[in-house]
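Trainee: Next up, structure-v8.txt (compact mmCIF, C-alpha atoms).
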# COMPACT_ATOMS: atom_id res chain seq x y z
CA MET G 1 30.39 -87.63 -26.44
CA ASP G 2 31.37 -90.89 -24.71
CA ALA G 3 32.98 -90.01 -21.39
CA ARG G 4 35.79 -92.43 -22.09
CA GLN G 5 36.86 -90.38 -25.09
CA GLU G 6 37.40 -87.28 -22.97
CA LEU G 7 40.33 -88.79 -21.09
CA PRO G 8 43.83 -87.65 -22.04
CA ILE G 9 45.40 -90.11 -24.47
CA GLN G 10 48.16 -91.10 -22.01
CA ASN G 11 45.56 -92.07 -19.38
CA GLN G 12 43.42 -94.23 -21.61
CA SER G 13 43.32 -98.00 -21.21
CA PRO G 14 44.08 -100.38 -24.11
CA ALA G 15 40.34 -101.06 -24.35
CA THR G 16 39.57 -97.36 -24.74
CA GLU G 17 42.26 -96.87 -27.38
CA TRP G 18 41.01 -99.91 -29.31
CA ASP G 19 37.41 -98.72 -29.00
CA ARG G 20 38.35 -95.24 -30.28
CA ASP G 21 39.70 -96.91 -33.43
CA VAL G 22 36.28 -98.35 -34.32
CA SER G 23 36.38 -96.83 -37.80
CA ARG G 24 39.05 -99.36 -38.74
CA ARG G 25 36.63 -102.19 -38.02
CA ALA G 26 33.85 -101.91 -40.58
CA LEU G 27 31.54 -104.38 -38.86
CA ASP G 28 31.45 -102.65 -35.47
CA GLU G 29 31.17 -99.26 -37.15
CA LEU G 30 28.23 -100.47 -39.26
CA PHE G 31 26.23 -101.79 -36.32
CA ARG G 32 26.90 -98.79 -34.13
CA LEU G 33 25.75 -96.38 -36.82
CA ALA G 34 22.74 -98.47 -37.83
CA GLY G 35 21.78 -99.38 -34.28
CA GLU G 36 21.58 -103.07 -35.18
CA TYR G 37 21.33 -105.46 -32.22
CA ASN G 38 21.37 -102.69 -29.62
CA ALA G 39 18.30 -104.33 -28.10
CA THR G 40 19.13 -107.47 -26.11
CA LYS G 41 16.21 -109.32 -27.73
CA ASP G 42 17.57 -108.65 -31.23
CA TYR G 43 21.09 -109.62 -30.19
CA TYR G 44 19.91 -112.89 -28.63
CA GLU G 45 17.96 -113.72 -31.78
CA LEU G 46 21.15 -113.16 -33.78
CA LEU G 47 23.10 -115.55 -31.53
CA GLN G 48 20.35 -118.15 -31.82
CA PHE G 49 20.46 -117.91 -35.62
CA VAL G 50 24.25 -118.14 -35.83
CA GLY G 51 24.25 -120.99 -33.33
CA ARG G 52 21.84 -122.99 -35.49
CA PHE G 53 23.25 -121.92 -38.87
CA ARG G 54 26.27 -124.19 -38.61
CA PHE G 55 26.96 -124.67 -42.32
CA TYR G 56 29.18 -121.57 -42.43
CA SER G 57 31.53 -119.85 -40.02
CA PRO G 58 29.98 -117.77 -37.22
CA TYR G 59 31.07 -114.59 -38.99
CA ASN G 60 29.48 -115.59 -42.30
CA ALA G 61 26.33 -116.84 -40.56
CA MET G 62 26.03 -113.41 -38.96
CA LEU G 63 26.42 -111.72 -42.35
CA ILE G 64 23.66 -113.95 -43.74
CA HIS G 65 21.36 -113.04 -40.85
CA THR G 66 21.86 -109.31 -41.35
CA GLN G 67 20.84 -109.65 -45.01
CA MET G 68 18.09 -112.30 -44.69
CA PRO G 69 17.04 -113.17 -41.12
CA GLY G 70 14.73 -115.92 -42.41
CA ALA G 71 17.40 -117.77 -44.40
CA GLN G 72 17.43 -121.56 -44.01
CA PHE G 73 20.29 -122.89 -46.13
CA VAL G 74 22.49 -121.00 -48.58
CA ALA G 75 24.92 -122.04 -51.29
CA PRO G 76 26.47 -120.53 -54.44
CA PRO G 77 24.68 -121.16 -57.78
CA ASP G 78 27.18 -123.76 -59.00
CA ARG G 79 26.74 -125.87 -55.85
CA TRP G 80 22.96 -125.67 -56.02
CA LEU G 81 23.09 -126.96 -59.60
CA ARG G 82 25.87 -129.51 -59.22
CA LYS G 83 24.83 -131.11 -55.92
CA TYR G 84 21.09 -130.51 -55.68
CA ARG G 85 20.01 -129.98 -59.33
CA ARG G 86 18.38 -126.67 -58.49
CA ARG G 87 18.59 -123.37 -60.35
CA ILE G 88 18.38 -119.84 -59.01
CA LYS G 89 14.98 -118.21 -59.60
CA PRO G 90 14.93 -115.12 -61.87
CA GLY G 91 15.26 -111.96 -59.82
CA ALA G 92 16.46 -113.86 -56.75
CA ARG G 93 18.27 -111.87 -54.10
CA SER G 94 21.95 -112.73 -53.68
CA LEU G 95 23.63 -112.68 -50.27
CA VAL G 96 27.26 -111.67 -49.83
CA ILE G 97 29.60 -113.59 -47.53
CA LEU G 98 33.36 -113.84 -47.17
CA ARG G 99 35.14 -116.40 -49.35
CA PRO G 100 37.89 -118.54 -47.74
CA MET G 101 41.26 -117.32 -49.05
CA GLY G 102 39.52 -114.71 -51.19
CA PRO G 103 37.36 -111.57 -51.15
CA VAL G 104 33.61 -112.36 -51.25
CA MET G 105 31.20 -114.89 -52.72
CA PHE G 106 27.50 -114.70 -53.59
CA VAL G 107 25.10 -117.27 -52.20
CA TYR G 108 21.34 -117.87 -52.41
CA ASP G 109 18.87 -119.26 -49.93
CA VAL G 110 16.95 -122.44 -50.75
CA SER G 111 13.77 -120.36 -50.95
CA ASP G 112 15.27 -118.59 -53.99
CA THR G 113 15.90 -121.83 -55.91
CA GLU G 114 13.70 -124.12 -57.98
CA PRO G 115 14.28 -127.80 -58.82
CA GLU G 116 15.00 -129.21 -62.24
CA LYS G 117 12.99 -132.21 -63.44
CA ASP G 118 15.61 -134.69 -62.22
CA ALA G 119 16.29 -132.92 -58.93
CA PRO G 120 16.59 -135.27 -55.91
CA GLN G 121 14.70 -134.65 -52.68
CA LEU G 122 16.48 -132.18 -50.43
CA PRO G 123 18.27 -133.77 -47.45
CA PRO G 124 17.02 -133.13 -43.89
CA GLU G 125 19.82 -130.67 -43.10
CA ILE G 126 18.39 -128.35 -45.76
CA GLU G 127 14.67 -128.90 -45.21
CA ARG G 128 14.99 -128.76 -41.41
CA PRO G 129 18.26 -126.90 -40.77
CA PHE G 130 17.37 -125.70 -37.26
CA GLU G 131 16.25 -129.06 -35.91
CA VAL G 132 17.47 -129.64 -32.35
CA ARG G 133 20.21 -132.26 -32.07
CA GLY G 134 21.50 -134.25 -29.14
CA GLY G 135 25.01 -132.85 -29.26
CA HIS G 136 28.14 -134.15 -27.62
CA VAL G 137 31.81 -133.32 -27.63
CA GLY G 138 34.03 -135.65 -29.58
CA SER G 139 37.57 -134.82 -30.63
CA GLU G 140 36.89 -131.06 -30.57
CA SER G 141 38.02 -130.71 -26.97
CA CYS G 142 41.36 -132.53 -27.35
CA ILE G 143 42.23 -130.82 -30.65
CA SER G 144 41.37 -127.41 -29.16
CA MET G 145 43.62 -128.04 -26.16
CA GLU G 146 46.50 -129.06 -28.40
CA ASN G 147 46.08 -126.00 -30.63
CA ALA G 148 45.92 -123.74 -27.57
CA LYS G 149 49.59 -124.53 -26.96
CA ARG G 150 50.60 -122.52 -30.02
CA ASP G 151 49.47 -119.38 -28.19
CA GLY G 152 51.38 -120.34 -25.07
CA ILE G 153 48.33 -121.65 -23.19
CA GLU G 154 48.98 -124.50 -20.78
CA ILE G 155 45.77 -126.28 -19.79
CA THR G 156 45.57 -128.15 -16.51
CA ARG G 157 42.73 -130.32 -15.24
CA ARG G 158 42.33 -130.52 -11.50
CA GLN G 159 39.65 -131.24 -8.94
CA ALA G 160 37.69 -128.22 -7.79
CA GLY G 161 34.45 -127.43 -6.02
CA SER G 162 31.08 -127.53 -7.73
CA GLN G 163 31.01 -123.73 -8.05
CA SER G 164 34.38 -123.55 -9.84
CA ALA G 165 34.37 -124.50 -13.52
CA GLY G 166 37.70 -122.99 -14.53
CA GLU G 167 39.63 -119.83 -15.24
CA ILE G 168 42.34 -118.36 -17.45
CA ARG G 169 45.06 -116.07 -16.17
CA LYS G 170 48.51 -114.86 -17.08
CA ALA G 171 51.27 -117.32 -16.27
CA GLU G 172 53.45 -116.45 -13.29
CA ASN G 173 56.25 -119.00 -13.73
CA VAL G 174 58.65 -118.98 -16.68
CA ARG G 175 58.44 -122.28 -18.56
CA ASP G 176 57.78 -123.72 -22.03
CA VAL G 177 55.10 -125.93 -23.53
CA THR G 178 55.73 -128.32 -26.43
CA PHE G 179 53.58 -127.90 -29.54
CA GLN G 180 53.56 -130.56 -32.24
CA THR G 181 53.70 -128.92 -35.66
CA LYS G 182 53.80 -132.00 -37.91
CA LYS G 183 52.78 -135.65 -37.66
CA ARG G 184 54.15 -137.01 -40.91
CA PRO G 185 56.53 -138.20 -42.19
CA GLU G 186 58.38 -137.44 -38.95
CA PRO G 187 56.84 -135.62 -35.97
CA GLU G 188 58.21 -132.12 -35.39
CA TYR G 189 57.89 -130.05 -32.24
CA VAL G 190 58.55 -126.50 -31.15
CA SER G 191 58.87 -125.05 -27.66
CA ILE G 192 56.63 -122.09 -26.89
CA ARG G 193 56.86 -119.88 -23.82
CA VAL G 194 53.83 -120.33 -21.58
CA ARG G 195 51.92 -117.05 -21.43
CA TYR G 196 48.62 -118.19 -19.90
CA ASP G 197 47.43 -120.86 -17.47
CA LEU G 198 43.95 -122.27 -18.11
CA LEU G 199 42.49 -124.40 -15.34
CA LEU G 200 39.59 -126.82 -15.85
CA ASN G 201 37.58 -128.61 -13.20
CA SER G 202 38.21 -132.33 -13.80
CA GLN G 203 35.02 -133.20 -11.91
CA LEU G 204 32.86 -131.79 -14.72
CA SER G 205 31.51 -133.79 -17.66
CA GLY G 206 33.32 -133.66 -20.99
CA GLU G 207 30.67 -131.32 -22.39
CA ALA G 208 30.88 -129.01 -19.35
CA GLN G 209 34.67 -128.93 -19.58
CA TYR G 210 34.45 -128.01 -23.26
CA ALA G 211 31.97 -125.22 -22.48
CA THR G 212 34.36 -123.90 -19.83
CA LEU G 213 37.32 -124.18 -22.19
CA VAL G 214 35.70 -122.14 -24.95
CA HIS G 215 34.37 -119.58 -22.45
CA GLU G 216 37.88 -118.94 -21.12
CA LEU G 217 39.39 -118.90 -24.62
CA GLY G 218 36.67 -116.41 -25.52
CA HIS G 219 38.03 -114.10 -22.81
CA LEU G 220 41.52 -114.42 -24.26
CA TYR G 221 40.74 -113.99 -27.95
CA CYS G 222 38.34 -111.10 -27.32
CA GLY G 223 41.39 -109.32 -25.86
CA HIS G 224 40.33 -109.20 -22.21
CA LEU G 225 43.79 -110.31 -21.02
CA GLY G 226 45.73 -108.22 -23.53
CA THR G 227 47.73 -109.74 -26.36
CA PRO G 228 51.34 -110.75 -27.06
CA ASN G 229 50.89 -109.54 -30.65
CA PRO G 230 48.09 -107.27 -31.97
CA LYS G 231 48.16 -109.19 -35.25
CA TRP G 232 46.95 -112.31 -33.41
CA TRP G 233 44.08 -110.77 -31.43
CA PRO G 234 43.42 -107.28 -29.98
CA ASP G 235 44.41 -105.77 -26.65
CA ARG G 236 41.16 -104.70 -24.98
CA ARG G 237 42.18 -104.63 -21.32
CA GLY G 238 40.19 -102.21 -19.22
CA LEU G 239 36.68 -103.33 -20.17
CA SER G 240 34.16 -103.75 -17.38
CA ARG G 241 33.74 -107.21 -15.87
CA GLU G 242 30.10 -107.30 -17.03
CA LEU G 243 31.03 -106.58 -20.63
CA CYS G 244 33.85 -109.16 -20.59
CA GLU G 245 31.51 -111.82 -19.24
CA PHE G 246 28.82 -110.96 -21.78
CA GLU G 247 31.28 -111.39 -24.67
CA ALA G 248 32.74 -114.65 -23.31
CA GLU G 249 29.25 -116.05 -22.66
CA SER G 250 28.27 -115.12 -26.21
CA VAL G 251 31.27 -117.00 -27.62
CA CYS G 252 30.51 -120.01 -25.43
CA TYR G 253 26.85 -120.01 -26.41
CA LEU G 254 27.64 -119.93 -30.13
CA LEU G 255 30.15 -122.77 -30.06
CA CYS G 256 28.08 -125.04 -27.84
CA ARG G 257 24.89 -124.34 -29.77
CA ARG G 258 26.61 -125.22 -33.04
CA LEU G 259 27.55 -128.60 -31.50
CA GLY G 260 24.06 -129.04 -30.08
CA ILE G 261 25.30 -128.90 -26.48
CA ASP G 262 23.16 -127.50 -23.69
CA ASN G 263 25.22 -125.08 -21.63
CA PRO G 264 24.77 -122.42 -18.90
CA SER G 265 25.47 -119.60 -21.36
CA ALA G 266 21.97 -119.98 -22.78
CA GLU G 267 20.49 -119.42 -19.32
CA TYR G 268 22.82 -116.47 -18.67
CA LEU G 269 21.92 -114.74 -21.95
CA SER G 270 18.19 -115.37 -21.71
CA GLY G 271 18.26 -114.03 -18.16
CA TYR G 272 20.15 -110.95 -19.29
CA VAL G 273 17.56 -110.31 -21.99
CA LYS G 274 14.77 -110.42 -19.40
CA ASN G 275 16.51 -107.94 -17.08
CA HIS G 276 18.09 -105.54 -19.59
CA GLN G 277 16.69 -103.85 -22.66
CA GLU G 278 19.99 -102.76 -24.19
CA THR G 279 22.96 -104.86 -25.21
CA PRO G 280 26.27 -103.88 -23.54
CA ARG G 281 28.65 -101.99 -25.81
CA ILE G 282 30.38 -105.14 -26.97
CA SER G 283 32.47 -105.71 -30.08
CA LEU G 284 30.35 -107.94 -32.30
CA GLU G 285 33.38 -108.34 -34.53
CA CYS G 286 35.50 -109.73 -31.69
CA VAL G 287 32.76 -112.12 -30.59
CA MET G 288 32.28 -113.57 -34.07
CA LYS G 289 35.96 -113.76 -34.95
CA SER G 290 36.81 -115.37 -31.60
CA ALA G 291 34.06 -117.95 -32.05
CA GLY G 292 35.30 -118.69 -35.57
CA LEU G 293 38.90 -119.13 -34.42
CA ILE G 294 37.98 -121.41 -31.49
CA GLU G 295 35.71 -123.49 -33.73
CA GLN G 296 38.60 -123.91 -36.17
CA MET G 297 40.86 -124.91 -33.28
CA GLY G 298 38.51 -127.83 -32.61
CA ARG G 299 38.49 -129.06 -36.21
CA GLU G 300 42.07 -129.07 -37.46
CA ARG G 301 45.67 -128.84 -36.38
CA LEU G 302 46.81 -125.24 -36.80
CA LYS G 303 50.25 -123.96 -37.72
CA PRO G 304 52.49 -122.16 -35.20
CA ARG G 305 52.05 -118.40 -34.89
CA LYS G 306 54.46 -116.16 -36.71
CA GLU G 307 56.39 -114.31 -34.04
CA GLU G 308 57.41 -111.27 -36.06
CA LYS G 309 55.79 -107.97 -35.07
In structure tokens, what does this structure look like?

Mentor:
Amino acid sequence: MDARQELPIQNQSPATEWDRDVSRRALDELFRLAGEYNATKDYYELLQFVGRFRFYSPYNAMLIHTQMPGAQFVAPPDRWLRKYRRRIKPGARSLVILRPMGPVMFVYDVSDTEPEKDAPQLPPEIERPFEVRGGHVGSESCISMENAKRDGIEITRRQAGSQSAGEIRKAENVRDVTFQTKKRPEPEYVSIRVRYDLLLNSQLSGEAQYATLVHELGHLYCGHLGTPNPKWWPDRRGLSRELCEFEAESVCYLLCRRLGIDNPSAEYLSGYVKNHQETPRISLECVMKSAGLIEQMGRERLKPRKEEK
């Protein structure tokens, strides 16, 4: 029995209580029972795959990897036929992923398709999906910072030493931040109580600042600082510092890799693999969901949170 489960209920931390409820989270339960990705090498290979497989959300890319680690590019049958003039081979193996705004959808890898006579040549992103790109941060950073306001995060850039990239912490002073909810036809704004201060080193490059931003947001959305509402993200306070850093570095690695950005998280994770055989007891579900949320924050303007409990 895990020693943490022997503590009296009233003495358990939020992280322990959340961990005890693992049966409610099918993904974490599945991987704990099956022993998937317990080895650091296997876990790092998963992150590398999800980081390169940028056509779907991190969560769906992970689901694809668990079913077909060698997948290159997947799409549903109607898209293969409509866009690429390719049909699914008889007896092909379908892969199950989550459908946006729906239950599930079935997709097939390019290796399980065959071209029709008039099929065009496949584009490079399908034939060479894992090709290394020279990534850079565009509007993702600014949009992410604006969307962070909806969770009461005030981001401040300031000069700091070379060894200080940034940090997130609970706000000490009572104040509000203004979040723009609409641009057209007339701009609308709401005031949101500042819950967290996120500091970024202004001396860093734009790419390094983005890597720091998503690392610190990874801490928040993985629940390391608690939560104002369990429906938004979990309360997992009480985890060890090593485990918290491993989860945040995983989130950072995924998001930067999917933009083609070199970042220190790759060095951290590869070093961890060399020095440790087993993966820390992380929540794979939290890592993937946090990465998906932060990636969405960099793509589109999000709506304000619903405050009701």

Trainee: As an NGL selection string, please: the residues near segment 124-127 of chain G (cut-off 8 Å, all atoms listed in the file, same-chain neighbours under 3 positions excluded).

Mentor: :G and (72-73 or 110)

Trainee: For Gly271 of chain G, please output as a list of chain:residue names all residues within 12 Å (counting all atoms listed in the file; exclusion window: fewer than 4 positions along the same chain).

Mentor: G:Thr40, G:Lys41, G:Tyr44, G:Phe246, G:Pro264, G:Ser265, G:Ala266, G:Glu267, G:Asn275, G:His276, G:Gln277

Trainee: Measure the distance from atom CA of Ala119 of chain G to atom CA of Arg85 of chain G in Å and round it to one decimal.

Mentor: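 Atom CA of Arg85 of chain G lies at a distance of 4.8 Å from atom CA of Ala119 of chain G.
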
Trainee: So which one's closest to Lys149 of chain G, G:Arg87, G:Arg169, G:Ile192, G:Gly223? Using only C-alpha atoms, please.

Mentor: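 Smallest separation from Lys149 of chain G among the options: G:Ile192.
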
Trainee: Which polymer residues have any atom within 6 Å of an atom of segment 45-58 of chain G, counting all atoms listed in the file, with same-chain residues fewer than 5 positions away left out, as a list in words?

Mentor: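 The residues that qualify are Phe130, Leu254, Arg257, Arg258, Met288 and Gly292 of chain G.
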
Trainee: Which one is closest to Ala211 of chain G: G:Ile282, G:Met105, G:Ile294, G:Val287? Count only C-alpha atoms.

Mentor: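 Nearest candidate to Ala211 of chain G out of G:Ile282, G:Met105, G:Ile294, G:Val287: G:Ile294.
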
Trainee: Would you compute the distance between atom CA of Leu98 of chain G and atom CA of Met62 of chain G? Give it in Å to one decimal.

Mentor: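 Taking atom CA of Leu98 of chain G and atom CA of Met62 of chain G, their separation equals 11.0 Å.
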